[in-house]
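Notes follow the structure.
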Amino acid sequence: MSSLLTNESSLIALTTLRSINKNLNMVQQQISTGKSVSNARDNASIWAVATVMQSDVDSFSAISDSLNLGASTVAVARGASEQVTSLLQEMKNLVVAAQEDNVDRAKIQTDVDQLTEQIDSIVGAA
């Protein structure tokens, strides 16, 4: 009767099985992380480069988010400024109309006050 410790084909099979299990564990880790180099043990130099690149990607993502927020803020401010410009043009027309004879200046002043309130509202909302 041969023992496991002296049976050469059993030792080869056991070594092969251990190697396959090691490779299986490595592949399972790669699949679970989605990365071929998931830690420094896999390949230290590639892992270091990948870590720096991931940090750069995260930084660029944060910068992109900030730029998008800035673009949205500028778009809101631009829309508000266009509305204010339109209301100021209406005010100018009312002031010109108030210089005419036989006009109700109190009514024109009420209209100007309403336009001023609209401008304040737009500026407050923007």
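Following the order of the structure tokens, first chain is A, next is B, and so on, with residues numbered from 1 inside each chain and ligands from 1 in the order they appear.
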
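By only C-alpha atoms, and with residues fewer than 6 positions from Ile122 in chain A along its chain excluded, the set lying at most 12 Å from it is A:Val76, A:Ala77, A:Arg78, A:Gly79, A:Ala80, A:Ser81, A:Glu82, A:Gln83, A:Val84, A:Thr85, A:Ser86, A:Leu87, A:Leu115, A:Thr116.
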
Lys35 in chain A surroundings by only C-alpha atoms, 12 Å radius, close-in-sequence under 3 positions cut, as an mmCIF file with N, CA and C atoms, in the first residue's frame:
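What landed in part.cif:
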data_model
loop_
_atom_site.group_PDB
_atom_site.id
_atom_site.type_symbol
_atom_site.label_atom_id
_atom_site.label_comp_id
_atom_site.auth_asym_id
_atom_site.auth_seq_id
_atom_site.Cartn_x
_atom_site.Cartn_y
_atom_site.Cartn_z
ATOM 1 N N MET A 26 -7.003 34.031 -7.198
ATOM 2 C CA MET A 26 -6.556 35.273 -7.807
ATOM 3 C C MET A 26 -7.574 35.756 -8.849
ATOM 4 N N VAL A 27 -8.081 34.863 -9.660
ATOM 5 C CA VAL A 27 -9.072 35.226 -10.676
ATOM 6 C C VAL A 27 -10.371 35.682 -10.026
ATOM 7 N N GLN A 28 -10.786 35.005 -8.961
ATOM 8 C CA GLN A 28 -12.000 35.419 -8.257
ATOM 9 C C GLN A 28 -11.845 36.827 -7.678
ATOM 10 N N GLN A 29 -10.668 37.131 -7.158
ATOM 11 C CA GLN A 29 -10.430 38.474 -6.622
ATOM 12 C C GLN A 29 -10.452 39.508 -7.746
ATOM 13 N N GLN A 30 -9.862 39.169 -8.882
ATOM 14 C CA GLN A 30 -9.878 40.090 -10.017
ATOM 15 C C GLN A 30 -11.302 40.342 -10.493
ATOM 16 N N ILE A 31 -12.108 39.303 -10.525
ATOM 17 C CA ILE A 31 -13.501 39.445 -10.956
ATOM 18 C C ILE A 31 -14.288 40.270 -9.948
ATOM 19 N N SER A 32 -14.074 40.019 -8.661
ATOM 20 C CA SER A 32 -14.854 40.731 -7.643
ATOM 21 C C SER A 32 -14.501 42.212 -7.584
ATOM 22 N N SER A 38 -5.421 44.336 -7.950
ATOM 23 C CA SER A 38 -6.296 44.922 -6.935
ATOM 24 C C SER A 38 -5.556 45.365 -5.684
ATOM 25 N N ASN A 39 -4.324 44.913 -5.501
ATOM 26 C CA ASN A 39 -3.535 45.374 -4.357
ATOM 27 C C ASN A 39 -2.053 45.318 -4.714
ATOM 28 N N ASP A 42 -0.226 42.051 -5.925
ATOM 29 C CA ASP A 42 -0.368 41.530 -7.289
ATOM 30 C C ASP A 42 0.764 42.012 -8.188
ATOM 31 N N ASN A 43 1.016 43.305 -8.176
ATOM 32 C CA ASN A 43 2.094 43.904 -8.963
ATOM 33 C C ASN A 43 2.278 45.312 -8.426
ATOM 34 N N ILE A 46 2.578 48.466 -10.977
ATOM 35 C CA ILE A 46 1.320 48.748 -11.684
ATOM 36 C C ILE A 46 0.262 49.223 -10.696
ATOM 37 N N TRP A 47 0.234 48.643 -9.502
ATOM 38 C CA TRP A 47 -0.740 49.064 -8.490
ATOM 39 C C TRP A 47 -0.510 50.518 -8.092
ATOM 40 N N ALA A 50 -1.733 52.660 -10.922
ATOM 41 C CA ALA A 50 -3.198 52.603 -10.971
ATOM 42 C C ALA A 50 -3.820 53.410 -9.841
ATOM 43 N N THR A 51 -3.212 53.381 -8.669
ATOM 44 C CA THR A 51 -3.723 54.151 -7.534
ATOM 45 C C THR A 51 -3.640 55.645 -7.816
ATOM 46 N N GLN A 54 -6.272 56.484 -10.428
ATOM 47 C CA GLN A 54 -7.617 56.497 -9.847
ATOM 48 C C GLN A 54 -7.833 57.778 -9.050
#

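For the atom pair formed by CA of Thr33 in chain A and CA of Ser66 in chain A, the distance is 28.4 Å, given to one decimal.
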
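Our summary of the geometry notes that CA of Arg105 in chain A is positioned 28.3 Å from CA of Gly124 in chain A.
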
| task | Skip Val112 in chain A itself and residues of its chain fewer than 3 positions away, then list as a list of chain:residue names all residues within 9 Å of it, counting only C-alpha atoms. | result |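 Contacts, in chain order: A:Glu90, A:Met91, A:Leu94, A:Val95, A:Lys107, A:Ile108, A:Gln109, A:Leu115, A:Thr116, A:Glu117.
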
| request: Record the distance separating CA of Ser64 in chain A and CA of Ser45 in chain A, expressed in Å with one decimal. | output: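 Going from CA of Ser64 in chain A over to CA of Ser45 in chain A covers 28.6 Å.
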